[in-house]
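Take a look at the structure below.
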Amino acid sequence: MKLPSPSSAEAVVAVSGLGRRFGDKTALDNVSVFIPRGSVLGLVGENGAGKTTLIKHLLGMLKPQTGSVRLFGLEPVADPVGVLSRVGYLSERRDLPGWMRVDEFMRYTQAFYPNWDEAYAETLRKQFQLDPKQRISTLSQGQTAKAGLLAALAYRPDLLILDEPSSGLDPVVRRDILEAIIRIVAEEGRTVLFSSHLLDEVERIADQVVMLQRGRVVLNGRTDDVRGGHISAVLAFAQPQTATPLIEGAHAVDGFGTEWRVLFAGPKSALAAVAAEIGASVVEERTPSLDEILVARAGGKGS
Amino acid sequence: MQLRISIDGGAPIYQQIVEQVKRLIAGGRLQPGSDIPPIRVLAEQLRINPNTVARAYLELQREGVIVTRQGSGTVVAESKPTMSRKEKLKILARTADVLLTDASHLDVPLEDVLALVRERDTVLHPEASR
């Protein structure tokens with residue numbers, strides 16, 4: 001897989017230097033994200049980090065104050081029809097018309113999309129075990145999410161945008177939704193952007209991870225590279241440390257006495273050098289999970 | 001072919017697939033000529049990105065472990081390209097590191113560890129030792 005870059009003509013999503021303020025609050029600050037065709041991007045970060053604001057720009061619901069947003073080379077604000085007809089979107093709030101029955105909702109959504117694939121919609125409905133006669137308002141949370149996903153998938157969009165697709169759902173429904181996403185990616189050329197709090201899901205299905213923190217991109221890279229660029233290590237000091245040791249490049253330092261666990265961003269050689277400088281030795285090291293990295297970086301006072 | 005993916009830190013997912021397929025072949029559970037599941041089937045089963053499975057298969061093909069033939073899917077290569085000695089030792093090195101770390105914490109000297117390994121071998125493989 002190619003590394004996404006601004007020059008990549010294959011970029012389905014190209015966000016450059018995007019900035020957005022709400023009053024005196026900076027929501028997005030110089031955000032650049034590129035998603036090549038056929039790849040899956042996991043967007044992570046704490047609540048309020050700017051994930052939904054970024055997604056709203058992709059959908060043309062917000063106009064960039066600075067920088068630019070392009071989907072398929074088009075500007076979503078200038079050409080909403082051209083862009084949105086090729087995008088499937090599942091919102092975090094999943095606000096579906098509750099008074100409609102499932103079959104009515106399907107026909108209603110179909111009217112907006114000339115590419116709606118009726119047979120595929122029916123396959124998805126059966127797969128998701130949705131009763132066509134049931135009212136949307138009486139569906140469980142999991143079924144509502146599936147109905148929303150059905151509506152986002154049935155016209156076979158080139159780009160699928162999912163805002164917290166599995167938040168608040170039980171493990172069985174989460175698995176169904178995850179499998180549906182995997183099937184979409186397996187189809188040639190489908191591109192997916194999803195935001196999630198569930199880092200194990202991101203690690204399983206994202207080719208590329210972008211982490212936002214207070215509106216800025218703090219991590220952006222291939223999932224394996226992001227993990228490989230960090231070390232979870234234990235440093236041992238000859239003497240017990242009475243205060244938390246200051247360790248350059250470490251995002252979380254936790255421990256007691258002579259042994260301290262750190263989450264270090266950088267190569268092994270750099271960690272060894274930093275440890276040597278403060279009179280410690282590395283007694284344990286391994287590649288951390290995405291979850292460990294993001295928790296450490298979100299909670300960290302680090303660089 | 002049943003694989004298990006762990007996501008609590010450690011090797012990248014594609015590497016876990018490569019390694020486990022090689023182990024299944026080395027252990028005889030995957031015979032030469034037997035079918036390897038299509039990319040999307042394995043991706044759905046393991047609930048991982050199909051691109052990751054594709055990357056693992058590409059690596060396995062490059063090493064001659066599996067072969068893809070037009071129309072007949074992907075199979076384990078006939079000429080059993082066994083893991084190189086170096087590769088096998090690399091896998092064992094991790095277990096050895098754990099053993100040696102424990103031994104050092106327990107203050108057990110290396111000679112005793114080596115003796116223990118030999119002793120355990122006669123217990124586990126009585127027919128092989130004389």
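Here's how to read the names in the structure tokens: chain A, B, ... by the order shown, residue numbers from 1 in each chain, ligand numbers from 1 in the order shown.
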Would you kindly report the residues of chain B within 6 Å of chain A, using only C-alpha atoms, as a VMD selection string? chain B and resid 8 to 10 12 40 44 48 to 50
I need the residues in segment 38-97 of chain A that are alpha helix (DSSP H) according to DSSP; give them as JSON, numbers by chain. {"A": [51, 52, 53, 54, 55, 56, 57, 58, 80, 81, 82, 83, 84]}
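Here atom CA of Met61 of chain A stands at a distance of 7.3 Å from atom CA of Val77 of chain A.
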Among segment 6-124 of chain B, which ones does DSSP place in strand (DSSP E or B), written as a tab-separated table (two decimals) with N, CA, C and O atoms, in the first residue's frame?
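Written output follows (result-v9.tsv):
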```tsv
chain	number	residue	atom	x	y	z
B	35	ASP	N	-5.86	-25.92	0.49
B	35	ASP	CA	-6.39	-24.59	0.19
B	35	ASP	C	-6.13	-23.60	1.32
B	35	ASP	O	-6.25	-23.92	2.49
B	36	ILE	N	-5.82	-22.38	0.90
B	36	ILE	CA	-5.72	-21.25	1.82
B	36	ILE	C	-6.98	-20.42	1.59
B	36	ILE	O	-7.35	-20.19	0.44
B	66	ILE	N	3.21	-20.02	-0.16
B	66	ILE	CA	1.91	-20.31	-0.78
B	66	ILE	C	1.98	-19.88	-2.25
B	66	ILE	O	2.82	-19.06	-2.62
B	67	VAL	N	1.08	-20.47	-3.06
B	67	VAL	CA	1.05	-20.14	-4.48
B	67	VAL	C	-0.38	-19.82	-4.88
B	67	VAL	O	-1.30	-20.52	-4.47
B	68	THR	N	-0.55	-18.76	-5.68
B	68	THR	CA	-1.87	-18.43	-6.20
B	68	THR	C	-1.92	-18.78	-7.67
B	68	THR	O	-1.05	-18.39	-8.44
B	69	ARG	N	-2.92	-19.60	-8.03
B	69	ARG	CA	-3.08	-19.95	-9.44
B	69	ARG	C	-4.38	-19.37	-9.94
B	69	ARG	O	-5.39	-19.41	-9.24
B	73	GLY	N	-7.55	-20.51	-6.95
B	73	GLY	CA	-7.32	-20.02	-5.60
B	73	GLY	C	-5.89	-20.17	-5.12
B	73	GLY	O	-4.97	-20.41	-5.91
B	74	THR	N	-5.73	-20.04	-3.83
B	74	THR	CA	-4.40	-20.05	-3.24
B	74	THR	C	-4.18	-21.35	-2.45
B	74	THR	O	-5.05	-21.78	-1.70
B	75	VAL	N	-3.03	-21.96	-2.66
B	75	VAL	CA	-2.73	-23.22	-1.98
B	75	VAL	C	-1.35	-23.17	-1.35
B	75	VAL	O	-0.52	-22.34	-1.71
B	76	VAL	N	-1.12	-24.10	-0.43
B	76	VAL	CA	0.21	-24.24	0.16
B	76	VAL	C	1.14	-24.81	-0.91
B	76	VAL	O	0.77	-25.74	-1.63
```
As a PDB file with N, CA and C atoms, in the first residue's frame, please: the residues near Val282 of chain A (cut-off 7 Å, only C-alpha atoms, same-chain neighbours under 3 positions excluded).
```
ATOM      1  N   ALA A 233       8.352   0.575  27.771  1.00  0.00           N
ATOM      2  CA  ALA A 233       9.569   0.067  28.395  1.00  0.00           C
ATOM      3  C   ALA A 233       9.528   0.239  29.904  1.00  0.00           C
ATOM      4  N   VAL A 234      10.328  -0.568  30.576  1.00  0.00           N
ATOM      5  CA  VAL A 234      10.534  -0.377  32.010  1.00  0.00           C
ATOM      6  C   VAL A 234      11.980   0.060  32.205  1.00  0.00           C
ATOM      7  N   LEU A 235      12.157   1.185  32.891  1.00  0.00           N
ATOM      8  CA  LEU A 235      13.491   1.683  33.188  1.00  0.00           C
ATOM      9  C   LEU A 235      13.802   1.394  34.655  1.00  0.00           C
ATOM     10  N   ALA A 236      15.013   0.928  34.899  1.00  0.00           N
ATOM     11  CA  ALA A 236      15.416   0.664  36.275  1.00  0.00           C
ATOM     12  C   ALA A 236      16.518   1.634  36.677  1.00  0.00           C
ATOM     13  N   ALA A 272      17.603   4.049  24.646  1.00  0.00           N
ATOM     14  CA  ALA A 272      18.797   3.642  25.390  1.00  0.00           C
ATOM     15  C   ALA A 272      19.633   4.871  25.763  1.00  0.00           C
ATOM     16  N   ALA A 275      17.874   6.882  28.486  1.00  0.00           N
ATOM     17  CA  ALA A 275      17.979   6.169  29.759  1.00  0.00           C
ATOM     18  C   ALA A 275      19.379   6.341  30.351  1.00  0.00           C
TER      19      ALA A 275
END
```
If you count only C-alpha atoms, which residues fall within 12 Å of Ile136 of chain A, apart from same-chain ones fewer than 5 positions away, as a compact mmCIF listing (two decimals) with C-alpha atoms, in the first residue's frame?
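Final output, around-v1.txt:
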```
# COMPACT_ATOMS: atom_id res chain seq x y z
CA ARG A 94 -28.14 8.13 13.86
CA ASP A 95 -31.17 10.37 13.63
CA LEU A 96 -33.50 8.31 11.48
CA PRO A 97 -37.20 9.10 10.95
CA GLY A 98 -38.73 7.15 13.83
CA TRP A 99 -42.28 7.17 12.49
CA MET A 100 -41.30 5.24 9.35
CA ARG A 101 -41.29 1.48 9.05
CA VAL A 102 -38.04 -0.18 7.95
CA ASP A 103 -39.35 -0.81 4.41
CA GLU A 104 -40.66 2.76 4.13
CA PHE A 105 -37.33 4.09 5.33
CA MET A 106 -35.54 2.05 2.66
CA LEU A 130 -34.34 -6.14 10.25
CA ASP A 131 -38.10 -6.68 10.08
CA GLN A 141 -30.10 0.73 19.57
CA GLY A 142 -28.19 -1.98 17.70
CA GLN A 143 -30.93 -2.40 15.08
CA THR A 144 -31.10 1.38 14.59
CA ALA A 145 -27.37 1.44 13.93
CA LYS A 146 -27.79 -1.39 11.41
CA ALA A 147 -30.68 0.43 9.67
CA GLY A 148 -28.48 3.53 9.45
```
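Distances here use only C-alpha atoms; by that measure, the residue among B:Val98, B:Ile39, B:Val123, B:Ile91 closest to Ala11 of chain B is B:Ile91.
Residues with any atom within 9 Å of segment 112-119 of chain B, counting only C-alpha atoms and excluding same-chain neighbours fewer than 6 positions away, are Leu99, Leu100 and Ala103 of chain B.
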Write to file, as a PDB file, in the first residue's frame, the residues of the selection just made, with N, CA, C and O atoms.
```pdb
ATOM      1  N   LEU B  99      12.614 -17.123  29.319  1.00  0.00           N
ATOM      2  CA  LEU B  99      13.208 -18.109  30.220  1.00  0.00           C
ATOM      3  C   LEU B  99      14.436 -17.532  30.927  1.00  0.00           C
ATOM      4  O   LEU B  99      14.585 -17.649  32.148  1.00  0.00           O
ATOM      5  N   LEU B 100      15.283 -16.871  30.160  1.00  0.00           N
ATOM      6  CA  LEU B 100      16.519 -16.339  30.736  1.00  0.00           C
ATOM      7  C   LEU B 100      16.252 -15.172  31.683  1.00  0.00           C
ATOM      8  O   LEU B 100      16.940 -15.013  32.690  1.00  0.00           O
ATOM      9  N   ALA B 103      15.092 -16.758  34.810  1.00  0.00           N
ATOM     10  CA  ALA B 103      16.228 -17.401  35.480  1.00  0.00           C
ATOM     11  C   ALA B 103      17.087 -16.363  36.202  1.00  0.00           C
ATOM     12  O   ALA B 103      17.518 -16.574  37.338  1.00  0.00           O
TER      13      ALA B 103
END
```
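Residues in contact with segment 252-269 of chain A at up to 8 Å, not including ones fewer than 5 positions away on its chain and judged by only C-alpha atoms, are Gly229, His230, Ile231, Ser232, Ala233, Val234, Leu235, Ala236, Phe237, Ala238, Gln239, Pro240, Gln241, Thr242, Thr244, Pro245, Ile247, Ile293, Ala296, Arg297, Gly299, Gly300, Lys301 and Gly302 of chain A.
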Residue selection dump (N, CA and C atoms) as a PDB file, in the first residue's frame:
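Printed below is part-v6.pdb as written:
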```pdb
ATOM      1  N   GLY A 229       6.623   2.803  16.091  1.00  0.00           N
ATOM      2  CA  GLY A 229       7.360   4.009  16.435  1.00  0.00           C
ATOM      3  C   GLY A 229       7.345   4.307  17.921  1.00  0.00           C
ATOM      4  N   HIS A 230       6.691   3.442  18.680  1.00  0.00           N
ATOM      5  CA  HIS A 230       6.619   3.634  20.125  1.00  0.00           C
ATOM      6  C   HIS A 230       7.161   2.403  20.845  1.00  0.00           C
ATOM      7  N   ILE A 231       7.665   2.622  22.054  1.00  0.00           N
ATOM      8  CA  ILE A 231       8.146   1.510  22.870  1.00  0.00           C
ATOM      9  C   ILE A 231       7.520   1.632  24.258  1.00  0.00           C
ATOM     10  N   SER A 232       6.988   0.525  24.740  1.00  0.00           N
ATOM     11  CA  SER A 232       6.570   0.480  26.133  1.00  0.00           C
ATOM     12  C   SER A 232       7.724  -0.173  26.875  1.00  0.00           C
ATOM     13  N   ALA A 233       8.352   0.575  27.771  1.00  0.00           N
ATOM     14  CA  ALA A 233       9.569   0.067  28.395  1.00  0.00           C
ATOM     15  C   ALA A 233       9.528   0.239  29.904  1.00  0.00           C
ATOM     16  N   VAL A 234      10.328  -0.568  30.576  1.00  0.00           N
ATOM     17  CA  VAL A 234      10.534  -0.377  32.010  1.00  0.00           C
ATOM     18  C   VAL A 234      11.980   0.060  32.205  1.00  0.00           C
ATOM     19  N   LEU A 235      12.157   1.185  32.891  1.00  0.00           N
ATOM     20  CA  LEU A 235      13.491   1.683  33.188  1.00  0.00           C
ATOM     21  C   LEU A 235      13.802   1.394  34.655  1.00  0.00           C
ATOM     22  N   ALA A 236      15.013   0.928  34.899  1.00  0.00           N
ATOM     23  CA  ALA A 236      15.416   0.664  36.275  1.00  0.00           C
ATOM     24  C   ALA A 236      16.518   1.634  36.677  1.00  0.00           C
ATOM     25  N   PHE A 237      16.344   2.234  37.845  1.00  0.00           N
ATOM     26  CA  PHE A 237      17.347   3.160  38.381  1.00  0.00           C
ATOM     27  C   PHE A 237      18.107   2.456  39.500  1.00  0.00           C
ATOM     28  N   ALA A 238      19.340   2.865  39.711  1.00  0.00           N
ATOM     29  CA  ALA A 238      20.122   2.269  40.792  1.00  0.00           C
ATOM     30  C   ALA A 238      19.540   2.679  42.145  1.00  0.00           C
ATOM     31  N   GLN A 239      19.090   3.915  42.231  1.00  0.00           N
ATOM     32  CA  GLN A 239      18.525   4.429  43.476  1.00  0.00           C
ATOM     33  C   GLN A 239      17.028   4.666  43.310  1.00  0.00           C
ATOM     34  N   PRO A 240      16.250   4.439  44.368  1.00  0.00           N
ATOM     35  CA  PRO A 240      14.816   4.753  44.280  1.00  0.00           C
ATOM     36  C   PRO A 240      14.604   6.229  43.951  1.00  0.00           C
ATOM     37  N   GLN A 241      13.660   6.517  43.079  1.00  0.00           N
ATOM     38  CA  GLN A 241      13.361   7.892  42.693  1.00  0.00           C
ATOM     39  C   GLN A 241      12.220   8.398  43.580  1.00  0.00           C
ATOM     40  N   THR A 242      12.433   9.544  44.192  1.00  0.00           N
ATOM     41  CA  THR A 242      11.396  10.056  45.093  1.00  0.00           C
ATOM     42  C   THR A 242      10.318  10.815  44.325  1.00  0.00           C
ATOM     43  N   THR A 244       8.605  11.587  40.217  1.00  0.00           N
ATOM     44  CA  THR A 244       8.518  11.037  38.866  1.00  0.00           C
ATOM     45  C   THR A 244       9.677  11.555  38.025  1.00  0.00           C
ATOM     46  N   PRO A 245      10.522  10.665  37.499  1.00  0.00           N
ATOM     47  CA  PRO A 245      11.667  11.131  36.731  1.00  0.00           C
ATOM     48  C   PRO A 245      11.241  11.812  35.430  1.00  0.00           C
ATOM     49  N   ILE A 247      11.683  12.267  31.712  1.00  0.00           N
ATOM     50  CA  ILE A 247      12.285  11.476  30.647  1.00  0.00           C
ATOM     51  C   ILE A 247      11.888  12.061  29.304  1.00  0.00           C
ATOM     52  N   ILE A 293      -0.818   3.510  23.426  1.00  0.00           N
ATOM     53  CA  ILE A 293      -0.210   4.716  22.863  1.00  0.00           C
ATOM     54  C   ILE A 293      -1.148   5.911  23.006  1.00  0.00           C
ATOM     55  N   ALA A 296      -1.710   7.041  26.615  1.00  0.00           N
ATOM     56  CA  ALA A 296      -0.536   7.728  27.113  1.00  0.00           C
ATOM     57  C   ALA A 296      -0.419   9.136  26.512  1.00  0.00           C
ATOM     58  N   ARG A 297      -0.688   9.213  25.199  1.00  0.00           N
ATOM     59  CA  ARG A 297      -0.522  10.515  24.557  1.00  0.00           C
ATOM     60  C   ARG A 297      -1.638  11.477  24.925  1.00  0.00           C
ATOM     61  N   GLY A 299      -3.308  11.462  27.816  1.00  0.00           N
ATOM     62  CA  GLY A 299      -3.194  11.866  29.215  1.00  0.00           C
ATOM     63  C   GLY A 299      -1.877  12.556  29.501  1.00  0.00           C
ATOM     64  N   GLY A 300      -0.946  12.435  28.553  1.00  0.00           N
ATOM     65  CA  GLY A 300       0.417  12.882  28.803  1.00  0.00           C
ATOM     66  C   GLY A 300       0.580  14.383  28.812  1.00  0.00           C
ATOM     67  N   LYS A 301       1.538  14.793  29.572  1.00  0.00           N
ATOM     68  CA  LYS A 301       1.936  16.206  29.541  1.00  0.00           C
ATOM     69  C   LYS A 301       3.120  16.320  28.578  1.00  0.00           C
ATOM     70  N   GLY A 302       3.391  15.201  27.896  1.00  0.00           N
ATOM     71  CA  GLY A 302       4.561  15.066  27.024  1.00  0.00           C
ATOM     72  C   GLY A 302       4.532  16.006  25.829  1.00  0.00           C
TER      73      GLY A 302
END
```
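Look at Leu43 of chain A: the protein and nucleic acid residues within 6 Å of it, using only C-alpha atoms and passing over chain neighbours fewer than 5 places away, are Phe194, Ser195 and Val210 of chain A.
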Export all heavy atoms of the chosen residues as a PDB file, in the first residue's frame?
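So the final result, stored in result.pdb, reads:
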```
ATOM      1  N   PHE A 194     -13.458   6.060   9.519  1.00  0.00           N
ATOM      2  CA  PHE A 194     -14.336   5.888  10.674  1.00  0.00           C
ATOM      3  C   PHE A 194     -13.670   6.427  11.920  1.00  0.00           C
ATOM      4  O   PHE A 194     -12.458   6.365  12.087  1.00  0.00           O
ATOM      5  CB  PHE A 194     -14.763   4.427  10.836  1.00  0.00           C
ATOM      6  CG  PHE A 194     -13.712   3.517  11.392  1.00  0.00           C
ATOM      7  CD1 PHE A 194     -13.828   3.008  12.681  1.00  0.00           C
ATOM      8  CD2 PHE A 194     -12.618   3.145  10.628  1.00  0.00           C
ATOM      9  CE1 PHE A 194     -12.864   2.156  13.197  1.00  0.00           C
ATOM     10  CE2 PHE A 194     -11.656   2.293  11.137  1.00  0.00           C
ATOM     11  CZ  PHE A 194     -11.774   1.797  12.420  1.00  0.00           C
ATOM     12  N   SER A 195     -14.502   7.019  12.770  1.00  0.00           N
ATOM     13  CA  SER A 195     -13.973   7.498  14.042  1.00  0.00           C
ATOM     14  C   SER A 195     -14.409   6.508  15.101  1.00  0.00           C
ATOM     15  O   SER A 195     -15.472   5.899  14.994  1.00  0.00           O
ATOM     16  CB  SER A 195     -14.509   8.890  14.352  1.00  0.00           C
ATOM     17  OG  SER A 195     -15.870   8.833  14.683  1.00  0.00           O
ATOM     18  N   VAL A 210      -5.203   8.373  12.370  1.00  0.00           N
ATOM     19  CA  VAL A 210      -4.981   9.802  12.620  1.00  0.00           C
ATOM     20  C   VAL A 210      -5.512  10.089  14.015  1.00  0.00           C
ATOM     21  O   VAL A 210      -6.644   9.747  14.337  1.00  0.00           O
ATOM     22  CB  VAL A 210      -5.710  10.680  11.579  1.00  0.00           C
ATOM     23  CG1 VAL A 210      -5.743  12.134  12.032  1.00  0.00           C
ATOM     24  CG2 VAL A 210      -5.028  10.564  10.227  1.00  0.00           C
TER      25      VAL A 210
END
```
